[in-house]
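Colleague: What follows is work-v4.pdb, PDB, C-alpha atoms.
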ATOM      1  CA  MET A   1     -15.180  12.109  20.538
ATOM      2  CA  PRO A   2     -14.631   8.360  20.027
ATOM      3  CA  ALA A   3     -13.066   6.299  22.795
ATOM      4  CA  PRO A   4      -9.298   5.849  22.558
ATOM      5  CA  ILE A   5      -8.018   2.609  21.043
ATOM      6  CA  PRO A   6      -5.237   0.955  23.092
ATOM      7  CA  GLY A   7      -1.861   1.083  21.350
ATOM      8  CA  ARG A   8      -2.905   3.869  18.990
ATOM      9  CA  ILE A   9      -2.754   7.648  19.108
ATOM     10  CA  ALA A  10      -5.124  10.104  17.487
ATOM     11  CA  THR A  11      -3.430  12.526  15.133
ATOM     12  CA  GLN A  12      -4.408  15.105  12.593
ATOM     13  CA  ILE A  13      -2.555  15.234   9.295
ATOM     14  CA  ARG A  14      -2.758  17.469   6.269
ATOM     15  CA  ILE A  15      -2.730  15.552   3.011
ATOM     16  CA  ASN A  16      -3.100  16.428  -0.652
ATOM     17  CA  GLU A  17      -6.789  16.138  -1.586
ATOM     18  CA  THR A  18      -6.141  14.032  -4.694
ATOM     19  CA  ILE A  19      -3.972  11.587  -2.755
ATOM     20  CA  TYR A  20      -6.645  11.395  -0.040
ATOM     21  CA  GLN A  21      -9.404  10.675  -2.570
ATOM     22  CA  LYS A  22      -7.297   7.947  -4.172
ATOM     23  CA  ALA A  23      -6.529   6.441  -0.757
ATOM     24  CA  LYS A  24     -10.260   6.450   0.047
ATOM     25  CA  LEU A  25     -10.988   4.620  -3.207
ATOM     26  CA  ILE A  26      -8.283   2.048  -2.494
ATOM     27  CA  ALA A  27      -9.707   1.647   1.018
ATOM     28  CA  GLN A  28     -13.127   0.830  -0.423
ATOM     29  CA  LEU A  29     -11.593  -1.718  -2.778
ATOM     30  CA  GLU A  30      -9.688  -3.284   0.141
ATOM     31  CA  ASN A  31     -12.706  -3.217   2.497
ATOM     32  CA  ARG A  32     -11.016  -0.793   4.897
ATOM     33  CA  ASN A  33     -11.937   2.652   6.121
ATOM     34  CA  ALA A  34      -9.782   5.578   4.979
ATOM     35  CA  ASN A  35      -8.011   5.863   8.329
ATOM     36  CA  SER A  36      -7.001   2.191   8.300
ATOM     37  CA  GLN A  37      -5.804   2.464   4.706
ATOM     38  CA  ILE A  38      -3.636   5.499   5.459
ATOM     39  CA  GLU A  39      -2.252   3.721   8.540
ATOM     40  CA  TYR A  40      -1.451   0.732   6.304
ATOM     41  CA  PHE A  41       0.368   2.983   3.809
ATOM     42  CA  VAL A  42       2.423   4.575   6.596
ATOM     43  CA  LYS A  43       3.296   1.130   7.999
ATOM     44  CA  LYS A  44       4.431  -0.070   4.563
ATOM     45  CA  GLY A  45       6.497   3.099   4.128
ATOM     46  CA  VAL A  46       8.262   2.549   7.464
ATOM     47  CA  GLU A  47       8.888  -1.106   6.601
ATOM     48  CA  ALA A  48      10.386  -0.117   3.228
ATOM     49  CA  TYR A  49      12.605   2.500   4.878
ATOM     50  CA  GLU A  50      13.828   0.024   7.484
ATOM     51  CA  ALA A  51      14.473  -2.619   4.813
ATOM     52  CA  GLU A  52      16.779  -0.165   3.054
ATOM     53  CA  HIS A  53      18.354   1.588   6.052
ATOM     54  CA  GLY A  54      18.047  -0.870   8.934
ATOM     55  CA  PRO A  55      15.718  -1.000  11.913
ATOM     56  CA  ILE A  56      14.713   2.197  13.651
ATOM     57  CA  SER A  57      15.186   1.937  17.408
ATOM     58  CA  LEU A  58      12.910   4.021  19.598
ATOM     59  CA  SER A  59      14.160   4.952  23.060
ATOM     60  CA  HIS A  60      11.045   3.589  24.812
ATOM     61  CA  GLU A  61      11.543   0.170  23.173
ATOM     62  CA  GLU A  62      14.993  -0.415  24.663
TER
END
I'd like the structure from this file rewritten - as structure tokens, please.

Modeller:
Amino acid sequence: MPAPIPGRIATQIRINETIYQKAKLIAQLENRNANSQIEYFVKKGVEAYEAEHGPISLSHEE
């Protein structure tokens, strides 16, 4: 198992195979690995949500 990366957690997700294949292709075009590309998509999704609904406060950040 790879060594943990500080500030990140390891997780397992289930994702539609077609979406995954498209994300992998985009990752190649953007010179990222698939994991980094999916992380980028999630980050952009959270940013879009917060832009519409306001910041999300997590209890450990207060």

Colleague: So how far away is atom CA of Glu50 of chain A from atom CA of Asn35 of chain A, in Å?

Modeller: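 Distance reported for this atom pair: 22.6 Å.
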
Colleague: At what distance in Å, to one decimal, does atom CA of His53 of chain A lie from atom CA of Pro6 of chain A?

Modeller: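 The value is 29.1 Å.
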
Colleague: Box for segment 44-57 of chain A: with edges along x, y and z, all listed atoms inside and 5 Å added on each side, what are the centre and edge lengths in Å to one decimal, as JSON?

Modeller:
{"center_x": 11.4, "center_y": 0.2, "center_z": 10.2, "size_x": 23.9, "size_y": 15.7, "size_z": 24.4}

Colleague: Under the PyMOL selection byres ((chain A and resi 36-48) around 8), which residues of this model are included? Write them out as a PyMOL selection string.

Modeller: chain A and resi 23-24+26-27+32-35+49-52

Colleague: Figure out the distance between atom CA of Ile15 of chain A and atom CA of Pro2 of chain A, please, to one decimal in Å.

Modeller: 22.0 Å
